[in-house]
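Read the structure below first, then the notes.
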Amino acid sequence: MKISGKKISRIISLILLLTMTASIGATLSSCKNKGTVDPVDDNYRTFYQIFVGSFSDSNGDGIGDLRGIINRFDYLNDGDIDSGNDLGVQGIWLSPIFASPTYHKYDTTDYYNVDPEFGTNEDLKELIELCHERNVKIILDLVINHTSRFHPWFLKFKEARQNGDSSNKYYNYYSCVNGADRDGRSWQKILGIDYYYECNFTGDMPELNFDNPKVKEEVVNIAKHYLDLGIDGFRFDAIKYIYYGDTKRSAEFWDWYMGELTTYKPDIYCVGECWSAESEIMQYYGALNCFNFAMSGPESPAAVAAKGNGIGSFLNYVERYQNKVESVNPNGMPIQFLSNHDQDRIAGAFVYPEQMKMLANLYLLSPGSHFIYYGEELGIKGSRGGANTDANRRLAMVWGDGDTIENPEGTTYPDYAQIKATVVDQLEDESSMLNHYSKLISVRNKHKAIARGDYKAIGGPNKYVGGFLVEYEGEFMGIFHNVGLESITINLSELNGLEGHSFAEVLDTVGEGSATLEGDTLTIEGFTTVILK
Ligand code: ACG
Ligand code: CA
């Protein structure tokens, strides 16, 4: 059971301050007795990443919008955990929704208004309400490192610089240096003067100056505004760019920022995007959970295993990564995903759907909180291709029921290469990818240990088979995968690491085949995962 650590202790100290009496132990147990939701425990959810403009269109302009998400909510979560008719996700991440000149909206001109293409602030409120009725968390993509170059702050900043008006409030809003002081970061000249503004993405994305207390106040206010509205947390964009090249200072910023936000609302769900090596990612884990990029993409240990090239490194990786995260932050958890809007879609890396399903088993039946990129559950494809455009990674959802959603501008991915089986088709086909994902998520939800337990890797008798001994609240569970084609029979008592443990029953199987347990003899068919108690 993981209860110690920062977040809980913040709440506890709050309660302690209020009562000035109870001991920590007593406070914790009284929380539990009242059935209060433990905020750390409640964050082990399966999220769905929605690239809003490509998901569902409600008004016929071909662009996905918030009402489109509202209309499609039953698909995501129909509020009935046992219905089996929905995907059953318990959280959604919306790609940026604020006013912006681009289709992806990672460059905002107004942090306080939904882009008209996506709807209105009222639509957002309605969506938040709907989420909460269904116990679904909703987190927003918050891009605070940079704004659009058309943001009023930037226009005023530029003008103040050009006029040499250092008393202007906006003069120091953006990261800016004299021509001679430029370093290895990217800088863009301000017309007519010898000042350059920082822009590590493109000149259209000027970077804010976090040495300026007013800017820090702005970004706190933005987050608080959405927390007040009922937003449950954020996916923070580009966290390493706050002080680009200086991880220590960037991490200090996130410590401070998360401190401000969790003081305001203790139970927020936040995840940071630091697309870097593990050693750098870990430096942010004191402040917040971060995406595990190493588990994504076609060469990850999970993908290697699903392709039939050996499951061993995957097993060891999962155990090691979980330990690593928890050693940095006892309340931390891995955040797993297969591909996002910046990567070629993972389904394109697999020829056989069975392998893609196996990959889904491997990552969704692992510890932490998980993000499914919209359409991944259908096997949607999309890659940058020769035109080198990210739009190809953000293709229209394949509903198959007349949704007017279209591909984003700039798309070059050929229609013939897209999957043919739509949501409508897949709902009816018991063996579809969609039904596989739906079952997987329900299995994950049913057994709390899968997301929350401590994982110990258990190698199998050959390179296709292996799993984990998972410990949670003093009980043990077994998760075993067979990523090969052939059925296999194992004597569990002979596996290294399982000494002294025996299992009594099969709790669930997910995959192409079935599994049986008789005494210590476990038989798993090919492309199948079994969960044992
Ligand atoms: C975020 C958003 C993205 C958005 C922006 C800008 C940032 O998700 O949609 O783009 O607001 C870098 C940044 C990320 C950024 C991606 C797109 N993502 O760090 O924050 O670019 C290397 C670099 C990474 C880099 C990555 C991809 O280190 O920094 O990500 O390459 O370019 C191993 C290594 C790892 C290495 C990888 C891949 O894993 O450990 O370090 O990563 O291999 O080589 C928006 C739009 C875009 C538009 C842009 C201007 O969405 O379409 O182009 O704005
Ligand atoms: Ca629309």
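Going by the structure tokens order, chains are called A, B, ..., each with residues numbered from 1, while ligands are numbered from 1 in the order shown.
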
Using only C-alpha atoms and all ligand atoms, which protein or nucleic acid residues are at most 7 Å from ligand 1, as an NGL selection string? :A and (104 or 106-107 or 143 or 201-202 or 237-239 or 273-277 or 293-294 or 341-342 or 390)

Grab me every residue within 6 Å of ligand 2, counting only C-alpha atoms and all ligand atoms, and send it over as a ChimeraX atom specification. /A:57-65

Please produce a file of those selected residues containing all heavy atoms, as a short mmCIF file (atom, residue, chain, number, x, y, z; two decimals), in the first residue's frame.
```cif
data_model
loop_
_atom_site.label_atom_id
_atom_site.label_comp_id
_atom_site.auth_asym_id
_atom_site.auth_seq_id
_atom_site.Cartn_x
_atom_site.Cartn_y
_atom_site.Cartn_z
N ASP A 57 -17.02 15.78 -34.87
CA ASP A 57 -17.49 17.10 -35.29
C ASP A 57 -18.99 17.23 -35.08
O ASP A 57 -19.77 16.42 -35.60
CB ASP A 57 -17.14 17.30 -36.77
CG ASP A 57 -17.71 18.59 -37.33
OD1 ASP A 57 -17.83 19.55 -36.55
OD2 ASP A 57 -18.03 18.62 -38.53
N SER A 58 -19.41 18.26 -34.35
CA SER A 58 -20.85 18.37 -34.05
C SER A 58 -21.59 19.34 -34.96
O SER A 58 -22.81 19.34 -35.00
CB SER A 58 -21.04 18.84 -32.60
OG SER A 58 -20.65 20.19 -32.48
N ASN A 59 -20.84 20.19 -35.71
CA ASN A 59 -21.57 21.24 -36.44
C ASN A 59 -21.27 21.26 -37.94
O ASN A 59 -21.54 22.25 -38.62
CB ASN A 59 -21.28 22.61 -35.83
CG ASN A 59 -19.81 22.98 -35.92
OD1 ASN A 59 -18.99 22.14 -36.33
ND2 ASN A 59 -19.47 24.20 -35.58
N GLY A 60 -20.69 20.17 -38.42
CA GLY A 60 -20.57 20.04 -39.87
C GLY A 60 -19.45 20.83 -40.53
O GLY A 60 -19.37 20.86 -41.75
N ASP A 61 -18.55 21.43 -39.74
CA ASP A 61 -17.45 22.15 -40.39
C ASP A 61 -16.22 21.27 -40.59
O ASP A 61 -15.17 21.74 -41.04
CB ASP A 61 -17.10 23.44 -39.63
CG ASP A 61 -16.55 23.16 -38.23
OD1 ASP A 61 -16.44 21.97 -37.85
OD2 ASP A 61 -16.25 24.13 -37.51
N GLY A 62 -16.34 20.00 -40.22
CA GLY A 62 -15.23 19.07 -40.44
C GLY A 62 -14.19 19.08 -39.33
O GLY A 62 -13.26 18.27 -39.33
N ILE A 63 -14.33 20.02 -38.39
CA ILE A 63 -13.35 20.15 -37.29
C ILE A 63 -13.96 19.61 -36.00
O ILE A 63 -15.07 20.00 -35.63
CB ILE A 63 -12.95 21.63 -37.10
CG1 ILE A 63 -12.38 22.19 -38.41
CG2 ILE A 63 -11.95 21.78 -35.96
CD1 ILE A 63 -12.15 23.69 -38.39
N GLY A 64 -13.23 18.76 -35.35
CA GLY A 64 -13.71 18.21 -34.08
C GLY A 64 -13.90 19.32 -33.05
O GLY A 64 -13.22 20.35 -33.11
N ASP A 65 -14.81 19.12 -32.12
CA ASP A 65 -15.10 20.18 -31.15
C ASP A 65 -15.57 19.56 -29.83
O ASP A 65 -15.75 18.36 -29.71
CB ASP A 65 -16.17 21.13 -31.72
CG ASP A 65 -17.27 20.39 -32.45
OD1 ASP A 65 -17.83 19.45 -31.85
OD2 ASP A 65 -17.56 20.70 -33.64
#
```

If you count only C-alpha atoms, the residue of A:Ala160, A:Ile222, A:Leu532, A:Leu130 closest to Tyr195 in chain A turns out to be A:Ala160

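Every protein, DNA or RNA residue with an atom at most 6 Å from range 497-509 of chain A, where only C-alpha atoms count and chain neighbours fewer than 3 positions away do not, is listed here: Thr529, Val530, Ile531, Leu532 and Lys533 of chain A.
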
Residues from last step as file, N, CA and C atoms, as a compact mmCIF listing (two decimals), in the first residue's frame:
```txt
# COMPACT_ATOMS: atom_id res chain seq x y z
N THR A 529 -2.84 -13.48 -22.22
CA THR A 529 -2.37 -13.09 -20.89
C THR A 529 -3.33 -13.65 -19.85
N VAL A 530 -2.77 -14.15 -18.76
CA VAL A 530 -3.61 -14.71 -17.71
C VAL A 530 -3.31 -14.00 -16.39
N ILE A 531 -4.36 -13.82 -15.61
CA ILE A 531 -4.20 -13.21 -14.29
C ILE A 531 -4.60 -14.22 -13.24
N LEU A 532 -3.67 -14.48 -12.32
CA LEU A 532 -3.87 -15.54 -11.32
C LEU A 532 -3.94 -14.98 -9.92
N LYS A 533 -4.73 -15.69 -9.10
CA LYS A 533 -4.80 -15.30 -7.69
C LYS A 533 -4.27 -16.44 -6.85
```

Please identify all polymer residues within 12 Å of Leu359 in chain A, counting only C-alpha atoms, omitting same-chain residues fewer than 6 positions from it, and present them as a PyMOL selection string. chain A and resi 295-308+311+314+337-339+346-347+349-350+352-353+365-366+376-377+379+433+436-437+440+481-483+510-511+527-529

Polymer residues at most 6 Å from Trp93 in chain A, only C-alpha atoms, same-chain spacing of 3 or more positions, as a PDB file with all heavy atoms, in the first residue's frame:
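The file below, part-v3.pdb, is the result:
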```pdb
ATOM      1  N   GLN A  49      -6.455  10.042 -24.612  1.00  0.00           N
ATOM      2  CA  GLN A  49      -5.955  11.303 -25.158  1.00  0.00           C
ATOM      3  C   GLN A  49      -6.762  11.703 -26.380  1.00  0.00           C
ATOM      4  O   GLN A  49      -6.777  10.991 -27.381  1.00  0.00           O
ATOM      5  CB  GLN A  49      -4.476  11.184 -25.550  1.00  0.00           C
ATOM      6  CG  GLN A  49      -3.963  12.487 -26.165  1.00  0.00           C
ATOM      7  CD  GLN A  49      -2.598  12.381 -26.825  1.00  0.00           C
ATOM      8  OE1 GLN A  49      -1.908  11.353 -26.711  1.00  0.00           O
ATOM      9  NE2 GLN A  49      -2.198  13.430 -27.528  1.00  0.00           N
ATOM     10  N   ILE A  50      -7.410  12.845 -26.299  1.00  0.00           N
ATOM     11  CA  ILE A  50      -8.235  13.306 -27.426  1.00  0.00           C
ATOM     12  C   ILE A  50      -7.561  14.480 -28.117  1.00  0.00           C
ATOM     13  O   ILE A  50      -7.340  15.529 -27.499  1.00  0.00           O
ATOM     14  CB  ILE A  50      -9.639  13.732 -26.949  1.00  0.00           C
ATOM     15  CG1 ILE A  50     -10.345  12.542 -26.268  1.00  0.00           C
ATOM     16  CG2 ILE A  50     -10.466  14.236 -28.131  1.00  0.00           C
ATOM     17  CD1 ILE A  50     -11.736  12.864 -25.754  1.00  0.00           C
ATOM     18  N   ILE A 139      -8.489  16.412 -17.884  1.00  0.00           N
ATOM     19  CA  ILE A 139      -7.293  17.241 -17.737  1.00  0.00           C
ATOM     20  C   ILE A 139      -7.033  17.987 -19.049  1.00  0.00           C
ATOM     21  O   ILE A 139      -7.332  17.494 -20.135  1.00  0.00           O
ATOM     22  CB  ILE A 139      -6.054  16.430 -17.292  1.00  0.00           C
ATOM     23  CG1 ILE A 139      -5.590  15.449 -18.368  1.00  0.00           C
ATOM     24  CG2 ILE A 139      -6.324  15.689 -15.987  1.00  0.00           C
ATOM     25  CD1 ILE A 139      -4.220  14.809 -18.067  1.00  0.00           C
ATOM     26  N   LEU A 140      -6.519  19.202 -18.904  1.00  0.00           N
ATOM     27  CA  LEU A 140      -6.253  20.044 -20.072  1.00  0.00           C
ATOM     28  C   LEU A 140      -4.766  20.075 -20.377  1.00  0.00           C
ATOM     29  O   LEU A 140      -3.930  20.011 -19.478  1.00  0.00           O
ATOM     30  CB  LEU A 140      -6.721  21.480 -19.813  1.00  0.00           C
ATOM     31  CG  LEU A 140      -8.208  21.701 -19.580  1.00  0.00           C
ATOM     32  CD1 LEU A 140      -8.485  23.197 -19.400  1.00  0.00           C
ATOM     33  CD2 LEU A 140      -9.040  21.141 -20.739  1.00  0.00           C
TER      34      LEU A 140
END
```

Check the DSSP output for the backbone and give back, as a VMD selection string, the residues of range 226-316 of chain A in alpha helix (DSSP H). chain A and resid 226 to 229 247 to 264 278 to 281 301 to 306 312 to 316

Output N, CA and C atoms for every residue in the selection just made, as a CSV table (one decimal), in the first residue's frame.
```csv
chain,number,residue,atom,x,y,z
A,226,TYR,N,-8.9,27.3,-14.2
A,226,TYR,CA,-9.5,26.1,-14.7
A,226,TYR,C,-9.8,25.1,-13.5
A,227,LEU,N,-9.0,25.1,-12.5
A,227,LEU,CA,-9.3,24.3,-11.3
A,227,LEU,C,-10.7,24.7,-10.7
A,228,ASP,N,-10.8,26.0,-10.7
A,228,ASP,CA,-12.1,26.6,-10.2
A,228,ASP,C,-13.3,26.1,-11.0
A,229,LEU,N,-13.0,26.0,-12.3
A,229,LEU,CA,-14.1,25.6,-13.2
A,229,LEU,C,-14.4,24.1,-13.1
A,247,THR,N,18.3,21.7,-16.5
A,247,THR,CA,17.3,20.9,-15.9
A,247,THR,C,17.0,21.2,-14.4
A,248,LYS,N,18.1,21.6,-13.7
A,248,LYS,CA,17.9,21.8,-12.3
A,248,LYS,C,16.9,23.0,-12.1
A,249,ARG,N,17.2,24.1,-12.8
A,249,ARG,CA,16.3,25.2,-12.6
A,249,ARG,C,14.9,24.9,-13.1
A,250,SER,N,14.8,24.2,-14.2
A,250,SER,CA,13.4,23.9,-14.7
A,250,SER,C,12.7,23.0,-13.7
A,251,ALA,N,13.4,22.1,-13.1
A,251,ALA,CA,12.8,21.2,-12.1
A,251,ALA,C,12.4,22.0,-10.9
A,252,GLU,N,13.2,23.0,-10.5
A,252,GLU,CA,12.8,23.8,-9.4
A,252,GLU,C,11.5,24.6,-9.7
A,253,PHE,N,11.4,25.1,-10.9
A,253,PHE,CA,10.2,25.8,-11.3
A,253,PHE,C,9.0,24.9,-11.1
A,254,TRP,N,9.1,23.6,-11.5
A,254,TRP,CA,7.9,22.7,-11.4
A,254,TRP,C,7.6,22.3,-10.0
A,255,ASP,N,8.7,22.3,-9.2
A,255,ASP,CA,8.4,22.1,-7.7
A,255,ASP,C,7.6,23.2,-7.2
A,256,TRP,N,8.0,24.4,-7.5
A,256,TRP,CA,7.3,25.6,-7.0
A,256,TRP,C,5.9,25.6,-7.6
A,257,TYR,N,5.7,25.4,-8.9
A,257,TYR,CA,4.4,25.5,-9.5
A,257,TYR,C,3.5,24.5,-9.0
A,258,MET,N,3.9,23.2,-8.9
A,258,MET,CA,3.1,22.2,-8.4
A,258,MET,C,2.7,22.4,-6.9
A,259,GLY,N,3.7,23.0,-6.2
A,259,GLY,CA,3.4,23.4,-4.8
A,259,GLY,C,2.2,24.4,-4.7
A,260,GLU,N,2.3,25.4,-5.6
A,260,GLU,CA,1.2,26.4,-5.6
A,260,GLU,C,-0.2,25.7,-5.9
A,261,LEU,N,-0.1,24.8,-6.9
A,261,LEU,CA,-1.4,24.2,-7.4
A,261,LEU,C,-2.0,23.2,-6.4
A,262,THR,N,-1.1,22.4,-5.8
A,262,THR,CA,-1.6,21.4,-4.9
A,262,THR,C,-2.0,22.0,-3.6
A,263,THR,N,-1.4,23.2,-3.2
A,263,THR,CA,-1.9,23.9,-2.0
A,263,THR,C,-3.3,24.4,-2.3
A,264,TYR,N,-3.6,24.8,-3.5
A,264,TYR,CA,-4.9,25.3,-3.9
A,264,TYR,C,-5.9,24.2,-4.0
A,278,GLU,N,15.7,8.8,-19.7
A,278,GLU,CA,15.1,8.5,-18.3
A,278,GLU,C,15.8,9.4,-17.2
A,279,SER,N,17.1,9.5,-17.3
A,279,SER,CA,17.9,10.2,-16.3
A,279,SER,C,17.4,11.7,-16.2
A,280,GLU,N,17.0,12.3,-17.3
A,280,GLU,CA,16.4,13.6,-17.2
A,280,GLU,C,15.0,13.7,-16.7
A,281,ILE,N,14.2,12.7,-17.2
A,281,ILE,CA,12.8,12.6,-16.8
A,281,ILE,C,12.7,12.5,-15.3
A,301,PRO,N,10.8,-1.8,-25.2
A,301,PRO,CA,10.8,-3.2,-24.8
A,301,PRO,C,9.5,-4.0,-24.9
A,302,ALA,N,8.4,-3.2,-24.8
A,302,ALA,CA,7.1,-3.9,-24.9
A,302,ALA,C,6.8,-4.2,-26.4
A,303,ALA,N,7.2,-3.3,-27.3
A,303,ALA,CA,7.0,-3.6,-28.7
A,303,ALA,C,7.9,-4.7,-29.2
A,304,VAL,N,9.1,-4.7,-28.7
A,304,VAL,CA,10.0,-5.8,-29.0
A,304,VAL,C,9.4,-7.2,-28.6
A,305,ALA,N,8.8,-7.2,-27.4
A,305,ALA,CA,8.2,-8.4,-26.9
A,305,ALA,C,7.0,-8.8,-27.8
A,306,ALA,N,6.2,-7.8,-28.1
A,306,ALA,CA,5.0,-8.1,-28.8
A,306,ALA,C,5.3,-8.6,-30.2
A,312,GLY,N,11.9,-10.9,-22.1
A,312,GLY,CA,12.7,-10.8,-21.0
A,312,GLY,C,13.0,-9.3,-20.6
A,313,SER,N,13.5,-8.5,-21.7
A,313,SER,CA,13.8,-7.2,-21.3
A,313,SER,C,12.6,-6.3,-20.9
A,314,PHE,N,11.5,-6.7,-21.5
A,314,PHE,CA,10.3,-6.0,-21.1
A,314,PHE,C,10.0,-6.2,-19.6
A,315,LEU,N,10.1,-7.5,-19.2
A,315,LEU,CA,9.8,-7.8,-17.8
A,315,LEU,C,10.7,-7.1,-16.8
A,316,ASN,N,12.0,-7.1,-17.1
A,316,ASN,CA,13.0,-6.5,-16.3
A,316,ASN,C,12.8,-5.0,-16.3
```

Determine the nearest neighbour of Val40 in chain A from the options A:Met205, A:Val328, A:Leu94, A:Ala451, counting only C-alpha atoms.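 The answer is A:Ala451, which sits nearest to Val40 in chain A.
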
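By chain and then residue number, the residues within 8 Å of Ile268 in chain A are Pro39, Asp232, Gly233 and Thr262 of chain A, counting only C-alpha atoms and disregarding those fewer than 4 positions away in sequence.
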
Please extract the residues of range 114-261 of chain A with a backbone DSSP assignment of strand (DSSP E) and present them as a list in words.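 Restricting range 114-261 of chain A to strand (DSSP E) produces Val114, Lys137, Ile138, Ile139, Leu140, Asp141, Leu142, Cys176, Val177, Asn178, Trp187, Gln188, Lys189, Tyr195, Tyr196, Tyr197, Glu198, Gly233, Phe234, Arg235 and Phe236 of chain A.
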
Since we have the selection now, will you write its residues out, keeping N, CA, C and O atoms, as a CSV table (one decimal), in the first residue's frame?
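File written: result_33.csv
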```csv
chain,number,residue,atom,x,y,z
A,114,VAL,N,-12.0,29.3,-24.9
A,114,VAL,CA,-11.9,28.2,-25.9
A,114,VAL,C,-11.9,28.7,-27.3
A,114,VAL,O,-12.6,29.7,-27.6
A,137,LYS,N,-12.1,11.8,-15.0
A,137,LYS,CA,-11.4,13.0,-14.8
A,137,LYS,C,-11.1,13.7,-16.1
A,137,LYS,O,-10.9,13.0,-17.1
A,138,ILE,N,-11.1,15.0,-16.1
A,138,ILE,CA,-10.7,15.7,-17.3
A,138,ILE,C,-9.5,16.6,-17.1
A,138,ILE,O,-9.5,17.4,-16.2
A,139,ILE,N,-8.5,16.4,-17.9
A,139,ILE,CA,-7.3,17.2,-17.7
A,139,ILE,C,-7.0,18.0,-19.0
A,139,ILE,O,-7.3,17.5,-20.1
A,140,LEU,N,-6.5,19.2,-18.9
A,140,LEU,CA,-6.3,20.0,-20.1
A,140,LEU,C,-4.8,20.1,-20.4
A,140,LEU,O,-3.9,20.0,-19.5
A,141,ASP,N,-4.5,20.2,-21.6
A,141,ASP,CA,-3.1,20.4,-22.1
A,141,ASP,C,-2.8,21.8,-21.8
A,141,ASP,O,-3.4,22.7,-22.4
A,142,LEU,N,-1.8,22.1,-20.9
A,142,LEU,CA,-1.5,23.5,-20.6
A,142,LEU,C,-0.1,23.8,-21.1
A,142,LEU,O,0.9,23.2,-20.7
A,176,CYS,N,14.4,37.1,-23.2
A,176,CYS,CA,14.9,38.1,-24.2
A,176,CYS,C,16.4,38.5,-23.9
A,176,CYS,O,16.7,38.7,-22.7
A,177,VAL,N,17.2,38.5,-24.8
A,177,VAL,CA,18.6,38.9,-24.6
A,177,VAL,C,19.1,39.9,-25.6
A,177,VAL,O,18.5,40.0,-26.8
A,178,ASN,N,20.2,40.6,-25.3
A,178,ASN,CA,20.9,41.4,-26.2
A,178,ASN,C,21.6,40.5,-27.3
A,178,ASN,O,22.0,39.4,-26.9
A,187,TRP,N,17.0,31.8,-30.9
A,187,TRP,CA,16.6,33.2,-30.6
A,187,TRP,C,16.2,33.8,-31.9
A,187,TRP,O,16.7,33.5,-33.0
A,188,GLN,N,15.2,34.8,-31.8
A,188,GLN,CA,14.7,35.4,-33.0
A,188,GLN,C,14.8,36.9,-32.8
A,188,GLN,O,14.5,37.5,-31.7
A,189,LYS,N,15.4,37.6,-33.8
A,189,LYS,CA,15.6,39.1,-33.7
A,189,LYS,C,14.3,39.8,-33.6
A,189,LYS,O,13.3,39.5,-34.4
A,195,TYR,N,17.7,43.2,-29.9
A,195,TYR,CA,17.2,42.3,-28.9
A,195,TYR,C,16.6,41.1,-29.6
A,195,TYR,O,16.0,41.2,-30.7
A,196,TYR,N,16.8,39.9,-28.9
A,196,TYR,CA,16.3,38.7,-29.5
A,196,TYR,C,15.4,38.0,-28.4
A,196,TYR,O,15.7,38.0,-27.2
A,197,TYR,N,14.3,37.4,-28.9
A,197,TYR,CA,13.5,36.6,-28.0
A,197,TYR,C,13.7,35.1,-28.2
A,197,TYR,O,14.1,34.6,-29.3
A,198,GLU,N,13.6,34.4,-27.1
A,198,GLU,CA,13.9,32.9,-27.1
A,198,GLU,C,12.7,32.2,-27.8
A,198,GLU,O,11.5,32.4,-27.4
A,233,GLY,N,-7.0,18.6,-13.5
A,233,GLY,CA,-5.6,18.6,-13.6
A,233,GLY,C,-5.1,19.0,-15.0
A,233,GLY,O,-5.9,19.4,-15.8
A,234,PHE,N,-3.8,18.7,-15.2
A,234,PHE,CA,-3.2,19.2,-16.5
A,234,PHE,C,-2.2,18.2,-17.0
A,234,PHE,O,-1.5,17.5,-16.3
A,235,ARG,N,-2.1,18.2,-18.3
A,235,ARG,CA,-0.9,17.7,-19.0
A,235,ARG,C,0.0,18.9,-19.4
A,235,ARG,O,-0.5,19.8,-20.1
A,236,PHE,N,1.1,19.0,-18.8
A,236,PHE,CA,2.0,20.1,-19.0
A,236,PHE,C,2.9,19.9,-20.2
A,236,PHE,O,3.7,18.9,-20.2
```

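One finds CA of Cys270 in chain A at 17.1 Å from CA of Ile97 in chain A.
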
Between CA of Lys240 in chain A and CA of His151 in chain A - distance in Å to one decimal: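 Separation between CA of His151 in chain A and CA of Lys240 in chain A: 21.9 Å.
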
When you look at Phe73 in chain A with a cut-off of 12 Å (counting only C-alpha atoms), what residues show up, excluding the ones that are within fewer than 2 positions of it in the same chain? I need them as a PyMOL selection string. chain A and resi 48+50+55-56+66-71+75-79+85-92+126-134+136

Find, counting only C-alpha atoms, the residue in A:Asp401, A:Asp115, A:Asp344, A:Asp267 that gets nearest to Arg72 in chain A.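 Answer, going by the shortest atom-to-atom distance: A:Asp401.
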
For CA of Arg161 in chain A and CA of Ser100 in chain A, determine how far apart the two atoms are, in Å to one decimal place.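 CA of Ser100 in chain A lies 23.8 Å from CA of Arg161 in chain A.
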
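Considering only C-alpha atoms, the residue among A:Tyr317, A:Tyr416, A:Tyr472, A:Tyr269 positioned nearest to Tyr44 in chain A is A:Tyr269.
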